[in-house]
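Colleague: final_17.txt (compact mmCIF, C-alpha atoms and all ligand atoms) pasted underneath:
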```
# COMPACT_ATOMS: atom_id res chain seq x y z
CA MET U 1 62.11 29.75 -34.41
CA SER U 2 60.07 28.24 -31.53
CA LYS U 3 61.37 25.84 -28.92
CA CYS U 4 59.78 22.61 -27.69
CA ARG U 5 58.14 23.24 -24.32
CA VAL U 6 59.10 19.75 -23.15
CA CYS U 7 62.78 19.50 -24.07
CA CYS U 8 63.77 22.95 -25.45
CA ALA U 9 64.88 21.60 -28.87
CA GLU U 10 63.99 23.71 -31.93
CA LEU U 11 60.61 22.95 -33.46
CA LYS U 12 60.21 22.33 -37.18
CA THR U 13 57.04 23.90 -38.56
CA VAL U 14 54.43 21.40 -39.79
CA ILE U 15 51.70 23.85 -40.79
CA ASP U 16 51.06 27.59 -40.48
CA PHE U 17 47.42 28.72 -40.67
CA GLY U 18 48.22 32.40 -40.16
CA SER U 19 46.19 34.77 -38.01
CA MET U 20 43.28 33.21 -36.05
CA PRO U 21 40.81 34.36 -33.40
CA ILE U 22 40.12 32.54 -30.11
CA SER U 23 38.11 29.47 -31.04
CA ASN U 24 35.58 29.55 -28.21
CA ARG U 25 35.15 33.28 -27.86
CA PHE U 26 31.85 33.75 -29.62
CA VAL U 27 31.46 37.36 -30.65
CA VAL U 28 28.80 39.54 -29.03
CA ASP U 29 29.47 42.77 -30.93
CA PRO U 30 30.75 42.16 -34.49
CA HIS U 31 32.11 45.74 -34.64
CA VAL U 32 34.67 45.17 -31.89
CA ASP U 33 38.12 43.86 -32.94
CA GLU U 34 38.83 40.30 -31.90
CA TYR U 35 41.97 38.99 -30.17
CA LYS U 36 44.12 37.32 -32.84
CA PHE U 37 47.25 35.17 -32.74
CA ASN U 38 49.32 33.19 -35.24
CA LEU U 39 48.21 29.56 -35.39
CA SER U 40 51.01 27.22 -36.38
CA VAL U 41 52.18 23.80 -35.28
CA GLY U 42 55.72 22.45 -34.96
CA PHE U 43 57.33 19.01 -34.54
CA CYS U 44 60.13 18.36 -32.07
CA PRO U 45 62.73 16.01 -33.59
CA GLU U 46 64.15 15.25 -30.10
CA CYS U 47 61.11 14.18 -28.05
CA TYR U 48 58.56 13.82 -30.92
CA MET U 49 56.09 16.28 -29.40
CA VAL U 50 53.83 18.12 -31.84
CA GLU U 51 52.71 21.44 -30.42
CA LEU U 52 51.56 24.99 -31.09
CA GLU U 53 54.40 27.37 -31.86
CA GLU U 54 52.59 30.34 -30.33
CA CYS U 55 50.20 30.06 -27.39
CA VAL U 56 47.34 32.25 -26.22
CA PRO U 57 47.42 33.19 -22.50
CA PRO U 58 45.10 30.71 -20.70
CA SER U 59 43.02 33.45 -19.04
CA GLU U 60 42.02 34.67 -22.54
CA MET U 61 40.50 31.23 -23.24
CA PHE U 62 39.32 29.74 -19.95
CA ASN U 63 37.36 32.19 -17.85
CA ALA U 64 33.86 32.92 -16.58
CA ASP U 65 32.64 33.40 -20.20
CA TYR U 66 33.70 29.94 -21.40
CA THR U 67 31.07 28.72 -23.86
CA PHE U 68 31.69 24.97 -24.08
CA PHE U 69 29.65 22.71 -21.78
CA SER U 70 30.51 18.99 -22.05
CA SER U 71 26.94 17.88 -21.37
CA THR U 72 25.63 19.02 -24.79
CA SER U 73 26.12 15.53 -26.26
CA THR U 74 24.32 12.43 -25.04
CA ALA U 75 27.04 10.19 -26.53
CA MET U 76 29.62 12.09 -24.47
CA ALA U 77 27.45 11.78 -21.34
CA GLU U 78 27.48 7.99 -21.88
CA HIS U 79 31.24 8.04 -22.53
CA PHE U 80 31.86 9.86 -19.22
CA HIS U 81 29.53 7.48 -17.38
CA ARG U 82 31.71 4.62 -18.65
CA ILE U 83 34.83 6.41 -17.37
CA ALA U 84 33.19 6.78 -13.94
CA ASP U 85 32.39 3.03 -13.97
CA GLU U 86 35.99 2.21 -14.89
CA ILE U 87 37.25 4.34 -11.99
CA LYS U 88 34.82 2.66 -9.56
CA GLU U 89 36.17 -0.70 -10.68
CA ARG U 90 39.80 0.42 -10.24
CA ILE U 91 39.25 1.73 -6.71
CA SER U 92 36.95 -1.06 -5.55
CA ASP U 93 39.69 -2.78 -3.51
CA LYS U 94 41.38 0.40 -2.25
CA VAL U 95 41.14 1.75 1.29
CA GLN U 96 39.97 5.40 1.32
CA PRO U 97 40.40 6.05 -2.40
CA PHE U 98 40.70 9.61 -3.63
CA VAL U 99 40.01 10.62 -7.23
CA VAL U 100 41.13 13.86 -8.87
CA GLU U 101 39.83 15.03 -12.24
CA LEU U 102 41.67 17.74 -14.16
CA GLY U 103 39.25 19.96 -16.15
CA CYS U 104 36.04 18.51 -14.73
CA ASN U 105 33.96 20.97 -16.80
CA ASP U 106 30.27 20.81 -15.77
CA GLY U 107 30.76 17.67 -13.65
CA ILE U 108 29.70 15.31 -16.43
CA MET U 109 31.93 12.51 -15.04
CA LEU U 110 32.52 13.30 -11.36
CA GLN U 111 28.80 13.59 -10.62
CA HIS U 112 28.66 9.77 -10.75
CA LEU U 113 31.38 9.43 -8.10
CA ALA U 114 29.93 12.25 -5.97
CA ALA U 115 26.55 10.48 -5.98
CA GLN U 116 28.20 7.47 -4.31
CA GLY U 117 30.10 9.48 -1.73
CA ILE U 118 33.54 8.69 -3.22
CA ALA U 119 36.20 11.21 -2.13
CA HIS U 120 37.04 13.34 -5.15
CA LEU U 121 38.15 16.75 -6.34
CA GLY U 122 37.55 18.40 -9.71
CA ILE U 123 39.94 21.12 -10.90
CA GLU U 124 38.27 23.51 -13.32
CA PRO U 125 39.56 26.98 -14.25
CA SER U 126 36.39 28.23 -16.00
CA ALA U 127 34.18 29.55 -13.19
CA ASN U 128 30.84 29.26 -15.01
CA VAL U 129 31.19 25.57 -15.93
CA ALA U 130 32.68 24.87 -12.46
CA LEU U 131 29.51 26.32 -10.92
CA LYS U 132 27.43 23.85 -12.92
CA ALA U 133 29.58 21.01 -11.52
CA CYS U 134 29.03 22.32 -7.95
CA GLU U 135 25.29 22.29 -8.57
CA ARG U 136 25.66 18.59 -9.41
CA GLY U 137 27.21 17.89 -6.00
CA VAL U 138 30.81 17.81 -7.27
CA ASN U 139 33.63 19.13 -5.06
CA VAL U 140 35.37 21.65 -7.34
CA ARG U 141 38.36 23.92 -7.10
CA THR U 142 38.33 26.76 -9.63
CA ASP U 143 41.98 26.85 -10.64
CA PHE U 144 44.61 25.77 -13.18
CA PHE U 145 46.41 22.53 -12.34
CA ASN U 146 50.18 22.69 -11.92
CA ALA U 147 52.91 21.40 -9.59
CA THR U 148 52.20 24.05 -6.93
CA LEU U 149 48.51 23.21 -6.79
CA ALA U 150 49.37 19.49 -6.71
CA ARG U 151 51.41 20.03 -3.53
CA GLU U 152 48.53 21.98 -1.96
CA ILE U 153 46.10 19.18 -2.80
CA VAL U 154 48.38 16.55 -1.25
CA ARG U 155 48.61 18.66 1.95
CA GLU U 156 44.84 19.08 2.11
CA TYR U 157 43.54 15.71 0.90
CA GLY U 158 46.48 13.26 0.71
CA HIS U 159 47.69 11.33 -2.35
CA ALA U 160 45.37 10.33 -5.18
CA THR U 161 44.50 6.77 -6.17
CA VAL U 162 43.36 7.93 -9.60
CA VAL U 163 43.99 11.16 -11.48
CA CYS U 164 42.24 11.61 -14.78
CA GLY U 165 41.53 14.23 -17.41
CA SER U 166 39.55 14.20 -20.64
CA ASN U 167 40.40 16.81 -23.23
CA VAL U 168 42.34 18.89 -20.79
CA VAL U 169 46.00 17.87 -20.62
CA CYS U 170 46.61 18.94 -24.22
CA HIS U 171 45.25 22.38 -23.25
CA ILE U 172 47.91 23.18 -20.63
CA GLU U 173 50.99 24.95 -21.95
CA ASP U 174 53.26 24.24 -18.96
CA ILE U 175 53.11 20.51 -19.54
CA ASN U 176 56.27 19.80 -17.49
CA SER U 177 54.58 21.38 -14.47
CA VAL U 178 51.48 19.21 -15.03
CA PHE U 179 53.52 16.02 -15.19
CA SER U 180 55.69 16.89 -12.19
CA GLY U 181 52.42 17.72 -10.34
CA ILE U 182 51.08 14.31 -11.32
CA SER U 183 54.12 12.51 -10.01
CA GLU U 184 53.72 14.41 -6.69
CA ILE U 185 50.02 13.78 -6.31
CA LEU U 186 49.85 10.08 -7.30
CA SER U 187 50.01 7.45 -4.59
CA GLU U 188 52.72 4.78 -5.09
CA GLU U 189 50.34 2.51 -7.01
CA GLY U 190 48.12 5.28 -8.32
CA VAL U 191 47.10 5.60 -11.96
CA PHE U 192 46.93 8.73 -14.07
CA PHE U 193 44.94 8.45 -17.26
CA PHE U 194 44.05 11.11 -19.75
CA GLU U 195 42.60 11.26 -23.24
CA ASP U 196 43.08 13.80 -25.98
CA PRO U 197 42.82 13.97 -29.80
CA TYR U 198 45.25 11.38 -31.17
CA LEU U 199 47.97 12.66 -33.49
CA PHE U 200 47.80 9.41 -35.48
CA ASP U 201 44.13 10.11 -36.35
CA ILE U 202 44.77 13.77 -37.13
CA ILE U 203 47.50 12.83 -39.60
CA CYS U 204 45.61 9.87 -41.16
CA LYS U 205 42.29 11.75 -41.55
CA THR U 206 43.85 15.19 -42.13
CA SER U 207 41.47 16.38 -39.39
CA PHE U 208 43.23 19.70 -39.14
CA ASP U 209 40.37 21.43 -37.33
CA GLN U 210 41.66 19.79 -34.12
CA ILE U 211 44.38 22.43 -34.34
CA TYR U 212 43.30 25.58 -32.51
CA ASP U 213 44.31 27.84 -29.62
CA GLU U 214 43.08 25.54 -26.81
CA HIS U 215 44.96 22.49 -28.10
CA VAL U 216 48.59 23.22 -27.36
CA TYR U 217 49.75 19.57 -27.78
CA TYR U 218 48.87 16.79 -30.27
CA PHE U 219 49.93 13.69 -28.37
CA SER U 220 51.11 10.28 -29.52
CA ALA U 221 52.38 7.25 -27.58
CA LEU U 222 55.85 8.30 -28.76
CA SER U 223 55.70 11.78 -27.22
CA VAL U 224 53.77 10.77 -24.10
CA SER U 225 56.18 7.97 -23.22
CA ASN U 226 59.13 10.40 -23.53
CA LEU U 227 57.35 13.06 -21.48
CA ALA U 228 56.40 10.51 -18.80
CA LYS U 229 60.02 9.31 -18.41
CA ARG U 230 61.21 12.85 -17.71
CA HIS U 231 58.95 12.93 -14.66
CA GLY U 232 59.53 9.48 -13.22
CA LEU U 233 56.37 8.12 -14.82
CA GLU U 234 55.76 5.34 -17.31
CA LEU U 235 53.21 4.79 -20.06
CA VAL U 236 51.71 1.43 -19.05
CA ASP U 237 48.68 1.21 -21.32
CA ILE U 238 46.87 2.98 -24.13
CA SER U 239 43.40 2.59 -25.53
CA LEU U 240 41.92 4.18 -28.62
CA GLN U 241 38.62 6.04 -28.29
CA GLU U 242 36.18 6.94 -31.04
CA VAL U 243 34.96 10.14 -29.40
CA HIS U 244 35.90 13.58 -30.69
CA GLY U 245 37.06 12.26 -34.04
CA GLY U 246 39.62 9.80 -32.65
CA GLU U 247 41.36 10.09 -29.31
CA ALA U 248 43.91 8.05 -27.39
CA ARG U 249 43.65 7.39 -23.67
CA TYR U 250 47.06 7.09 -22.02
CA TYR U 251 47.52 5.27 -18.69
CA LEU U 252 50.57 6.24 -16.62
CA MET U 253 51.99 4.99 -13.33
CA LYS U 254 55.10 5.75 -11.36
CA GLN U 255 58.13 4.12 -12.99
CA GLY U 256 58.29 0.45 -12.01
CA ALA U 257 54.79 0.39 -10.46
CA GLY U 258 53.14 -1.27 -13.47
CA HIS U 259 53.96 -3.44 -16.49
CA PRO U 260 53.51 -1.82 -19.92
CA SER U 261 50.88 -3.71 -21.91
CA ALA U 262 51.41 -5.08 -25.42
CA ARG U 263 49.15 -2.27 -26.68
CA VAL U 264 51.84 0.31 -25.87
CA GLU U 265 54.39 -1.50 -28.02
CA GLU U 266 51.82 -1.93 -30.78
CA ARG U 267 50.97 1.80 -30.88
CA LEU U 268 54.64 2.80 -30.81
CA ARG U 269 55.21 0.52 -33.79
CA ALA U 270 52.22 1.86 -35.73
CA GLU U 271 53.26 5.46 -35.07
CA LYS U 272 56.80 4.78 -36.25
CA GLN U 273 55.40 3.15 -39.36
CA LEU U 274 53.52 6.39 -40.05
CA LYS U 275 56.84 8.19 -39.43
CA LEU U 276 55.48 10.28 -36.58
CA ASP U 277 59.01 10.22 -35.14
CA LYS U 278 60.41 11.97 -38.24
CA TYR U 279 59.68 15.34 -39.81
CA GLU U 280 59.13 13.42 -43.04
CA GLY U 281 55.90 11.99 -41.57
CA TYR U 282 54.38 15.49 -41.63
CA SER U 283 55.73 16.70 -44.96
CA ASP U 284 52.51 16.48 -47.03
CA PHE U 285 50.06 17.41 -44.25
CA SER U 286 49.91 21.06 -45.23
CA GLN U 287 49.17 20.17 -48.88
CA ARG U 288 46.37 17.81 -47.86
CA VAL U 289 44.87 20.53 -45.64
CA LYS U 290 44.92 22.96 -48.58
CA LYS U 291 43.16 20.40 -50.80
CA ILE U 292 40.30 19.77 -48.33
CA SER U 293 39.84 23.49 -47.60
CA GLY U 294 39.84 24.32 -51.31
CA ASP U 295 37.42 21.49 -52.20
CA LEU U 296 35.04 22.56 -49.46
CA LYS U 297 35.01 26.18 -50.53
CA VAL U 298 34.42 25.27 -54.19
CA LEU U 299 31.51 22.97 -53.27
CA LEU U 300 29.87 25.62 -51.08
CA GLU U 301 30.37 28.29 -53.74
CA ASP U 302 28.82 26.02 -56.40
CA LEU U 303 25.79 25.24 -54.24
CA SER U 304 25.38 28.88 -53.36
CA ALA U 305 25.63 29.87 -57.06
CA GLN U 306 22.78 27.39 -57.73
CA GLY U 307 20.70 29.33 -55.20
CA GLU U 308 20.89 26.69 -52.44
CA ARG U 309 20.69 27.72 -48.78
CA ILE U 310 23.48 26.25 -46.65
CA VAL U 311 23.32 26.12 -42.87
CA ALA U 312 26.05 24.74 -40.59
CA TYR U 313 25.43 22.38 -37.66
CA GLY U 314 27.32 22.71 -34.35
CA ALA U 315 29.23 25.89 -33.50
CA THR U 316 32.31 23.92 -32.48
CA SER U 317 35.63 25.35 -31.38
CA LYS U 318 37.23 23.25 -34.10
CA SER U 319 35.28 24.96 -36.85
CA THR U 320 37.04 28.25 -36.11
CA THR U 321 40.15 26.86 -37.81
CA LEU U 322 38.25 25.22 -40.67
CA LEU U 323 36.00 28.17 -41.55
CA ASN U 324 38.66 30.86 -41.19
CA TYR U 325 41.35 28.93 -43.03
CA ALA U 326 39.03 27.87 -45.86
CA GLY U 327 37.61 31.41 -46.12
CA VAL U 328 34.03 30.23 -45.57
CA GLY U 329 31.97 33.07 -44.14
CA SER U 330 28.45 34.42 -43.91
CA ASN U 331 28.36 34.87 -47.71
CA LEU U 332 28.18 31.05 -47.96
CA ILE U 333 26.69 29.94 -44.64
CA GLU U 334 23.35 31.42 -43.55
CA TYR U 335 23.88 30.63 -39.85
CA VAL U 336 25.23 27.92 -37.54
CA SER U 337 22.66 25.97 -35.56
CA ASP U 338 23.67 25.10 -31.99
CA ILE U 339 21.95 23.91 -28.83
CA THR U 340 24.25 25.72 -26.38
CA PRO U 341 22.48 28.72 -24.80
CA THR U 342 25.80 30.60 -24.25
CA LYS U 343 26.53 30.54 -28.02
CA ILE U 344 23.08 31.36 -29.43
CA GLY U 345 22.64 34.99 -30.53
CA LYS U 346 26.41 35.49 -30.89
CA TYR U 347 28.68 35.25 -33.96
CA CYS U 348 31.35 32.70 -34.85
CA PRO U 349 34.91 33.90 -34.14
CA GLY U 350 36.55 35.48 -37.18
CA THR U 351 33.92 34.65 -39.78
CA LEU U 352 31.08 36.36 -37.86
CA ILE U 353 28.52 33.81 -39.07
CA PRO U 354 25.50 34.15 -36.74
CA VAL U 355 24.79 31.32 -34.27
CA LYS U 356 21.09 30.47 -34.02
CA SER U 357 19.05 28.01 -32.01
CA TYR U 358 18.27 24.49 -33.15
CA ALA U 359 14.59 25.53 -33.27
CA GLU U 360 15.53 27.78 -36.20
CA PHE U 361 16.98 24.80 -38.06
CA GLU U 362 13.92 22.65 -37.35
CA LYS U 363 11.53 25.39 -38.47
CA ASN U 364 13.03 25.81 -41.91
CA PRO U 365 15.72 23.23 -42.68
CA PRO U 366 17.95 23.84 -45.70
CA LEU U 367 18.72 21.19 -48.31
CA TYR U 368 22.43 21.29 -47.43
CA THR U 369 23.94 21.30 -43.95
CA LEU U 370 27.65 21.60 -43.24
CA LEU U 371 28.36 19.22 -40.35
CA LEU U 372 30.86 21.20 -38.27
CA ALA U 373 30.28 18.84 -35.31
CA TRP U 374 31.47 15.91 -37.49
CA ASN U 375 32.84 14.17 -34.40
CA HIS U 376 29.22 13.70 -33.21
CA LYS U 377 28.10 12.38 -36.60
CA ASN U 378 26.52 9.13 -35.32
CA GLU U 379 24.49 10.94 -32.68
CA ILE U 380 23.46 13.72 -35.08
CA PHE U 381 22.56 11.37 -37.96
CA LEU U 382 20.30 9.47 -35.56
CA LYS U 383 18.68 12.70 -34.42
CA GLU U 384 18.31 13.94 -38.00
CA GLU U 385 16.98 10.75 -39.55
CA THR U 386 13.78 12.48 -40.68
CA TYR U 387 15.71 15.41 -42.15
CA ARG U 388 17.87 13.01 -44.16
CA ASN U 389 14.91 10.84 -45.20
CA GLN U 390 13.18 13.95 -46.49
CA GLY U 391 16.15 14.74 -48.75
CA GLY U 392 18.33 16.84 -46.42
CA ARG U 393 22.04 16.31 -47.03
CA PHE U 394 25.03 16.72 -44.73
CA ILE U 395 28.39 17.90 -46.03
CA THR U 396 31.35 16.30 -44.24
CA PHE U 397 35.02 16.91 -45.01
CA PHE U 398 37.43 14.41 -43.40
CA PRO U 399 39.33 12.69 -44.93
CA ALA U 400 37.68 14.23 -48.02
CA VAL U 401 34.70 16.45 -48.81
CA VAL U 402 31.54 14.33 -49.18
CA VAL U 403 27.80 15.04 -49.47
CA GLU U 404 25.92 12.28 -47.61
O1 LIG U 501 38.82 19.74 -26.32
C1 LIG U 501 37.75 20.29 -26.39
C2 LIG U 501 36.57 19.50 -26.81
C3 LIG U 501 36.43 18.23 -26.09
O2 LIG U 501 35.38 20.21 -26.65
C4 LIG U 501 37.61 21.73 -26.08
N1 LIG U 501 38.80 22.40 -26.49
C5 LIG U 501 36.36 22.41 -26.56
C6 LIG U 501 35.35 21.52 -27.18
O3 LIG U 501 35.60 21.44 -28.57
P1 LIG U 501 34.41 21.59 -29.66
O4 LIG U 501 33.69 22.85 -29.40
O5 LIG U 501 35.01 21.41 -30.98
O6 LIG U 501 33.51 20.36 -29.16
P2 LIG U 501 32.29 19.62 -29.77
O7 LIG U 501 31.82 18.64 -28.77
O8 LIG U 501 32.60 19.06 -31.10
O9 LIG U 501 31.17 20.74 -29.94
C7 LIG U 501 29.92 20.38 -30.43
C8 LIG U 501 29.05 21.61 -30.60
O10 LIG U 501 27.91 21.25 -31.33
C9 LIG U 501 28.57 22.18 -29.26
O11 LIG U 501 28.48 23.59 -29.35
C10 LIG U 501 27.17 21.60 -29.12
C11 LIG U 501 26.72 21.47 -30.57
N2 LIG U 501 25.80 20.37 -30.80
C12 LIG U 501 24.55 20.65 -31.34
O12 LIG U 501 24.22 21.82 -31.60
N3 LIG U 501 23.69 19.60 -31.55
C13 LIG U 501 26.19 19.10 -30.52
C14 LIG U 501 25.33 18.04 -30.72
C15 LIG U 501 25.75 16.63 -30.41
C16 LIG U 501 24.02 18.31 -31.25
O13 LIG U 501 23.18 17.40 -31.46
ZN ZN U 502 60.93 18.22 -27.49
```
Can you give me the file's structure in the form of structure tokens?
Modeller:
Amino acid sequence: MSKCRVCCAELKTVIDFGSMPISNRFVVDPHVDEYKFNLSVGFCPECYMVELEECVPPSEMFNADYTFFSSTSTAMAEHFHRIADEIKERISDKVQPFVVELGCNDGIMLQHLAAQGIAHLGIEPSANVALKACERGVNVRTDFFNATLAREIVREYGHATVVCGSNVVCHIEDINSVFSGISEILSEEGVFFFEDPYLFDIICKTSFDQIYDEHVYYFSALSVSNLAKRHGLELVDISLQEVHGGEARYYLMKQGAGHPSARVEERLRAEKQLKLDKYEGYSDFSQRVKKISGDLKVLLEDLSAQGERIVAYGATSKSTTLLNYAGVGSNLIEYVSDITPTKIGKYCPGTLIPVKSYAEFEKNPPLYTLLLAWNHKNEIFLKEETYRNQGGRFITFFPAVVVE
């Protein structure tokens, strides 16, 4: 029985995927055993947090060999540019503003603030991506964010006007330390905003591939508002984002410093309607996951039996859960095409499907392509217009398996 990391109540298991490898550790030598852990998710009936029951030590996931670079998507580059613009707007009337970004990755967002001489600090534990951010003129500290580091930052730089984090807060197991660090580092009227995959979308779309080692928490307005209260913070606004398959951006301030918007109330209502505050709301999730995984495997087996080549597109972290759970391996998928140099020439975790360059895909495209990077569908469909016009078909799988 696992305990909730926020409030210590007993978690109720929502889904158990069994043994899984580390999602972003692309394999160099397929003969060497991989690190494995048990991937399962539980719901806390006390504070409504949905979280991994077993976690992988952070240093196993985020280190100098980290393979994910945010700047591989142009849509994401535009998204981060918009975040930088929003921050500039927020700090425009502030004297000596200071912006902190948790998990700044390769500097995709902070580069825009650095270029204008705005005081900032990026916190990034993976040394190789942090180096890329430095090269872009970003002030980076290679470290994990927690309450101790927050105190050090305040001593060195003062309080922060804005603290933000995209796809990072849900990665940090000691979430209470993050939130107490935030309440230390924020100035009295400061704003902390962060975005992560939205539990509401995961449940509605059955997008179960969002569940993997790096994602310890699956946030909702319900769980974030409870977590915030414990640390003297308040959820004052929320906005839904289309990126990464459906995310929510949560805006927090010190308790009493802001007025919660109507959107907070509206999301809380919608989440309660979906019963995300009751175990009942998760009762058929596991069955729906089994159906999608089974349908996908049957389709790929049928196509393969007809002699069709199938290639996958985007060696995502997410796909580690999908491919391993569905039992889709190199017998069904010829290779995964990806544009990230650190992934090419390696093998996908667990399934050992080879990762090849995009040039390989362009040279000899298959009739069927499994769209593992489904969250970048609009961008990829635009890029692959010719492929689709010439008869190429993408296989997508949320909320159901479709050939399009
Ligand atoms: O939270 C996280 C999210 C934001 O990013 C991290 N835990 C890790 C990572 O997750 P992911 O690997 O599932 O992210 P993406 O953005 O879905 O990965 C896309 C992959 O597809 C990258 O390896 C790049 C590749 N790609 C490609 O080959 N051609 C992407 C695009 C847009 C393309 O055109
Ligand atoms: Zn709890």
Colleague: Taking all atoms listed in the file into account, which residues are within 10 Å of ligand ZN 502 (chain U), as a list in words?
Modeller: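 After applying the 10 Å limit, what remains is Lys3, Cys4, Arg5, Val6, Cys7, Cys8, Ala9, Glu10, Leu11, Phe43, Cys44, Pro45, Glu46, Cys47, Tyr48, Met49, Val50, Glu51, Ser223, Asn226 and Leu227 of chain U.
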Colleague: At a cut-off of 7 Å, can you tabulate as a Markdown table every residue of chain U near ligand LIG 501 (chain U) together with its closest atom pair and the distance in Å to one decimal, using only C-alpha atoms and all ligand atoms and ordering rows by chain then number?
Modeller:
```
| residue | atom | partner | partner_atom | distance |
| --- | --- | --- | --- | --- |
| U:Phe68 | CA | U:LIG501 | C5 | 5.9 |
| U:Ser70 | CA | U:LIG501 | O2 | 6.8 |
| U:Thr72 | CA | U:LIG501 | C10 | 5.3 |
| U:Ser73 | CA | U:LIG501 | C15 | 4.3 |
| U:Thr74 | CA | U:LIG501 | C15 | 7.0 |
| U:Asn167 | CA | U:LIG501 | O1 | 4.5 |
| U:Val168 | CA | U:LIG501 | O1 | 6.6 |
| U:Glu214 | CA | U:LIG501 | N1 | 5.3 |
| U:His215 | CA | U:LIG501 | N1 | 6.4 |
| U:His244 | CA | U:LIG501 | O8 | 6.4 |
| U:Tyr313 | CA | U:LIG501 | O12 | 6.2 |
| U:Gly314 | CA | U:LIG501 | O10 | 3.4 |
| U:Ala315 | CA | U:LIG501 | O11 | 4.8 |
| U:Thr316 | CA | U:LIG501 | O4 | 3.5 |
| U:Ser317 | CA | U:LIG501 | O4 | 3.7 |
| U:Lys318 | CA | U:LIG501 | O5 | 4.2 |
| U:Ser319 | CA | U:LIG501 | O5 | 6.9 |
| U:Ser337 | CA | U:LIG501 | O12 | 5.9 |
| U:Asp338 | CA | U:LIG501 | O12 | 3.3 |
| U:Ile339 | CA | U:LIG501 | O12 | 4.1 |
| U:Thr340 | CA | U:LIG501 | O11 | 5.6 |
| U:Tyr358 | CA | U:LIG501 | O12 | 6.7 |
| U:Ala373 | CA | U:LIG501 | O8 | 4.8 |
| U:Asn375 | CA | U:LIG501 | O8 | 5.9 |
| U:His376 | CA | U:LIG501 | C15 | 5.3 |
| U:Glu379 | CA | U:LIG501 | C15 | 6.3 |
| U:Ile380 | CA | U:LIG501 | O13 | 5.2 |
```
Colleague: I'd like a table as a tab-separated table: residues in region 34-106 of chain U with an atom no more than 10 Å from region 119-123 of chain U, each row giving the shortest atom pair and its distance in Å to one decimal, all atoms listed in the file counted, sorted by chain and rising residue number.
Modeller:
```
residue	atom	partner	partner_atom	distance
U:Gln96	CA	U:Ala119	CA	7.7
U:Pro97	CA	U:Ala119	CA	6.7
U:Phe98	CA	U:Ala119	CA	5.0
U:Val99	CA	U:His120	CA	4.5
U:Val100	CA	U:Leu121	CA	4.9
U:Glu101	CA	U:Gly122	CA	4.8
U:Leu102	CA	U:Ile123	CA	5.0
U:Gly103	CA	U:Ile123	CA	5.4
U:Cys104	CA	U:Gly122	CA	5.2
U:Asn105	CA	U:Gly122	CA	8.4
U:Asp106	CA	U:Gly122	CA	9.8
```
Colleague: Could you list, with a cut-off of 8 Å and counting all atoms listed in the file, the residues of region 168-227 of chain U near region 267-285 of chain U, each shown with its nearest atom pair and the distance in Å rounded to one decimal, rows sorted by chain and ascending number, as JSON lines?
Modeller:
```
{"residue": "U:Phe200", "atom": "CA", "partner": "U:Glu271", "partner_atom": "CA", "distance": 6.8}
{"residue": "U:Ile203", "atom": "CA", "partner": "U:Phe285", "partner_atom": "CA", "distance": 7.0}
{"residue": "U:Thr206", "atom": "CA", "partner": "U:Phe285", "partner_atom": "CA", "distance": 6.9}
{"residue": "U:Ser220", "atom": "CA", "partner": "U:Glu271", "partner_atom": "CA", "distance": 7.7}
{"residue": "U:Ala221", "atom": "CA", "partner": "U:Leu268", "partner_atom": "CA", "distance": 5.9}
{"residue": "U:Leu222", "atom": "CA", "partner": "U:Leu268", "partner_atom": "CA", "distance": 6.0}
```
Colleague: Under the rule that only C-alpha atoms are counted, which of U:Val224, U:Ile87, U:Cys348, U:Val140 is the nearest residue to Val264 (chain U)?
Modeller: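 Closest candidate: U:Val224.
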Colleague: Identify, on the basis of all atoms listed in the file, every residue whose closest approach to Gly181 (chain U) does not exceed 9 Å; exclude the query and any residue fewer than 3 positions from it along the same chain; express the result as a list in words.
Modeller: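 Once the adjacent positions are removed, what remains is Phe145, Asn146, Ala147, Thr148, Leu149, Ala150, Arg151, Asn176, Ser177, Val178, Glu184, Ile185 and Leu186 of chain U.
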Colleague: Rounded to one decimal place, report the CA of Asp16 (chain U)-CA of Thr320 (chain U) distance in Å.
Modeller: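 Computed distance, CA of Asp16 (chain U) to CA of Thr320 (chain U), equals 14.7 Å.
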Colleague: Give the answer as one residue: which of U:Ala75, U:Leu303, U:Ala115, U:Val191 has the shortest atom-to-atom distance to Gln255 (chain U), using all atoms listed in the file?
Modeller: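 The shortest atom-to-atom distance to Gln255 (chain U) comes from U:Val191.
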Colleague: Mind giving me the straight-line distance from CA of Val243 (chain U) to CA of Met76 (chain U) in Å, one decimal?
Modeller: 7.5 Å
Colleague: Set the distance at 7 Å and use all atoms listed in the file: which residues neighbour Val138 (chain U) once local chain neighbours fewer than 2 positions away are removed? I'd like the list as an mmCIF file with C-alpha atoms, keeping the file's coordinate frame.
Modeller:
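What landed in part-v4.cif:
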```cif
data_model
loop_
_atom_site.group_PDB
_atom_site.id
_atom_site.type_symbol
_atom_site.label_atom_id
_atom_site.label_comp_id
_atom_site.auth_asym_id
_atom_site.auth_seq_id
_atom_site.Cartn_x
_atom_site.Cartn_y
_atom_site.Cartn_z
ATOM 1 C CA GLY U 107 30.760 17.670 -13.650
ATOM 2 C CA LEU U 110 32.520 13.300 -11.360
ATOM 3 C CA GLN U 111 28.800 13.590 -10.620
ATOM 4 C CA ALA U 114 29.930 12.250 -5.970
ATOM 5 C CA ALA U 133 29.580 21.010 -11.520
ATOM 6 C CA CYS U 134 29.030 22.320 -7.950
ATOM 7 C CA ARG U 136 25.660 18.590 -9.410
ATOM 8 C CA VAL U 140 35.370 21.650 -7.340
#
```
Colleague: Would you mind telling me which residue in U:Tyr368, U:Tyr251, U:Phe361, U:Phe17 lies nearest to Arg309 (chain U) when using all atoms listed in the file?
Modeller: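 The answer is U:Tyr368, which sits nearest to Arg309 (chain U).
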